[in-house]
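Comments concern the structure below.
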Amino acid sequence: MARATDVSVEFGAIGLAIGDEIRISQAYASSVIGGTVDVEQAVSRVVIGGRVTFRRASAALVVLAGRVEGDVRTLLD
């Protein structure tokens with residue numbers, strides 16, 4: 001678990017990430033809660049954010065966001 005203003009995970013995994021700005025790159029994140037979330041070539045179970053951007057072949061099970069940008073595969077959004 002990580003809770004901070006800025007959270008970044010690269011080439012790894014995290015159970016829960018909470019922050020104002022979160023970046024997940026080539027990683028797995030179980031749950032992400034943030035103001036601005038950037039997911040690049042990563043997989044997440046749940047993503048909750050004000051503005052969420054998905055880049056380069058990312059996937060999420062559930063996405064709840066005020067604004068979603070990019071190409072993403074979701075089960076529920």
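Simple scheme: letters A, B, ... for chains in structure tokens order, numbers from 1 for residues in each chain, numbers from 1 for ligands in the order shown.
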| request: For region 6-13 of chain A, work out the shell of residues within 9 Å, counting only C-alpha atoms and skipping chain neighbours fewer than 4 positions away, then give it as a VMD selection string. | output: chain A and resid 2 17 to 30
Written selection (all heavy atoms) as a compact mmCIF listing (two decimals), in the first residue's frame:
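As written to disk, part-v6.txt reads:
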```
# COMPACT_ATOMS: atom_id res chain seq x y z
N ALA A 2 0.47 2.25 -0.77
CA ALA A 2 1.18 3.52 -0.78
C ALA A 2 0.16 4.64 -0.73
O ALA A 2 -0.84 4.62 -1.45
CB ALA A 2 2.02 3.65 -2.04
N ALA A 17 -3.06 2.03 -4.07
CA ALA A 17 -2.35 3.29 -4.26
C ALA A 17 -3.35 4.43 -4.10
O ALA A 17 -4.37 4.45 -4.78
CB ALA A 17 -1.71 3.35 -5.64
N ILE A 18 -3.06 5.35 -3.18
CA ILE A 18 -3.92 6.50 -2.92
C ILE A 18 -3.07 7.76 -3.02
O ILE A 18 -2.03 7.84 -2.36
CB ILE A 18 -4.57 6.42 -1.53
CG1 ILE A 18 -5.40 5.15 -1.38
CG2 ILE A 18 -5.44 7.66 -1.27
CD1 ILE A 18 -5.92 4.91 0.01
N GLY A 19 -3.50 8.73 -3.82
CA GLY A 19 -2.73 9.96 -3.95
C GLY A 19 -3.39 10.96 -4.87
O GLY A 19 -4.38 10.66 -5.52
N ASP A 20 -2.80 12.15 -4.91
CA ASP A 20 -3.30 13.19 -5.81
C ASP A 20 -2.94 12.88 -7.26
O ASP A 20 -3.76 13.02 -8.15
CB ASP A 20 -2.73 14.55 -5.42
CG ASP A 20 -3.26 15.04 -4.09
OD1 ASP A 20 -4.36 14.63 -3.69
OD2 ASP A 20 -2.56 15.81 -3.42
N GLU A 21 -1.69 12.46 -7.48
CA GLU A 21 -1.23 12.09 -8.81
C GLU A 21 -0.60 10.70 -8.74
O GLU A 21 0.34 10.48 -7.98
CB GLU A 21 -0.21 13.10 -9.33
CG GLU A 21 -0.82 14.46 -9.57
CD GLU A 21 0.10 15.38 -10.33
OE1 GLU A 21 0.96 14.89 -11.08
OE2 GLU A 21 -0.06 16.59 -10.17
N ILE A 22 -1.14 9.78 -9.54
CA ILE A 22 -0.68 8.39 -9.52
C ILE A 22 -0.27 7.98 -10.92
O ILE A 22 -1.00 8.25 -11.89
CB ILE A 22 -1.77 7.45 -8.98
CG1 ILE A 22 -2.15 7.86 -7.56
CG2 ILE A 22 -1.31 6.01 -9.04
CD1 ILE A 22 -3.30 7.10 -6.99
N ARG A 23 0.87 7.32 -11.03
CA ARG A 23 1.36 6.81 -12.31
C ARG A 23 1.69 5.33 -12.15
O ARG A 23 2.50 4.96 -11.29
CB ARG A 23 2.60 7.58 -12.75
CG ARG A 23 3.20 7.08 -14.03
CD ARG A 23 4.30 8.00 -14.52
NE ARG A 23 5.18 7.38 -15.48
CZ ARG A 23 4.88 7.12 -16.73
NH1 ARG A 23 3.68 7.39 -17.18
NH2 ARG A 23 5.76 6.58 -17.54
N ILE A 24 1.05 4.49 -12.97
CA ILE A 24 1.29 3.06 -12.99
C ILE A 24 1.82 2.72 -14.37
O ILE A 24 1.14 2.93 -15.37
CB ILE A 24 -0.01 2.26 -12.72
CG1 ILE A 24 -0.73 2.78 -11.47
CG2 ILE A 24 0.27 0.78 -12.63
CD1 ILE A 24 0.00 2.55 -10.18
N SER A 25 3.05 2.20 -14.45
CA SER A 25 3.67 1.93 -15.74
C SER A 25 4.23 0.51 -15.77
O SER A 25 5.06 0.16 -14.92
CB SER A 25 4.80 2.94 -16.00
OG SER A 25 5.44 2.65 -17.21
N GLN A 26 3.78 -0.27 -16.72
CA GLN A 26 4.20 -1.66 -16.88
C GLN A 26 4.14 -2.39 -15.55
O GLN A 26 5.12 -3.01 -15.11
CB GLN A 26 5.58 -1.74 -17.50
CG GLN A 26 5.63 -1.18 -18.90
CD GLN A 26 6.98 -1.28 -19.55
OE1 GLN A 26 7.95 -1.73 -18.95
NE2 GLN A 26 7.06 -0.88 -20.79
N ALA A 27 2.97 -2.32 -14.91
CA ALA A 27 2.81 -2.88 -13.57
C ALA A 27 1.37 -3.37 -13.39
O ALA A 27 0.52 -3.20 -14.26
CB ALA A 27 3.15 -1.82 -12.53
N TYR A 28 1.12 -3.94 -12.21
CA TYR A 28 -0.23 -4.35 -11.80
C TYR A 28 -0.60 -3.58 -10.55
O TYR A 28 0.19 -3.49 -9.61
CB TYR A 28 -0.30 -5.85 -11.52
CG TYR A 28 -1.60 -6.24 -10.87
CD1 TYR A 28 -2.76 -6.34 -11.62
CD2 TYR A 28 -1.68 -6.46 -9.50
CE1 TYR A 28 -3.97 -6.66 -11.02
CE2 TYR A 28 -2.89 -6.78 -8.90
CZ TYR A 28 -4.03 -6.89 -9.67
OH TYR A 28 -5.21 -7.20 -9.08
N ALA A 29 -1.79 -3.02 -10.53
CA ALA A 29 -2.31 -2.33 -9.36
C ALA A 29 -3.69 -2.87 -9.05
O ALA A 29 -4.59 -2.80 -9.90
CB ALA A 29 -2.37 -0.83 -9.59
N SER A 30 -3.87 -3.40 -7.86
CA SER A 30 -5.16 -3.94 -7.49
C SER A 30 -6.21 -2.84 -7.41
O SER A 30 -7.24 -2.90 -8.06
CB SER A 30 -5.06 -4.69 -6.16
OG SER A 30 -6.31 -5.22 -5.81
```
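The nearest approach to Asp38 (chain A) among the residues A:Leu16, A:Val68, A:Val62, A:Ala4, with only C-alpha atoms taken into account, belongs to A:Val68.
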| query | Using only C-alpha atoms, which residues sit within 8 Å of Val63 (chain A) once same-chain residues fewer than 2 positions away are excluded, as a PyMOL selection string? | reply | chain A and resi 46-48+60-61+65+74+76-77
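Of the listed residues A:Val72, A:Thr5, A:Gly34, A:Gly15, the one whose atoms come nearest to Gly49 (chain A) is A:Gly34, with distances taken using only C-alpha atoms.
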| Using only C-alpha atoms, which residues sit within 8 Å of Gly70 (chain A) once same-chain residues fewer than 5 positions away are excluded, as a PyMOL selection string? | chain A and resi 53-55
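We find CA of Val37 (chain A) and CA of Gly50 (chain A) to be spaced 7.9 Å apart.
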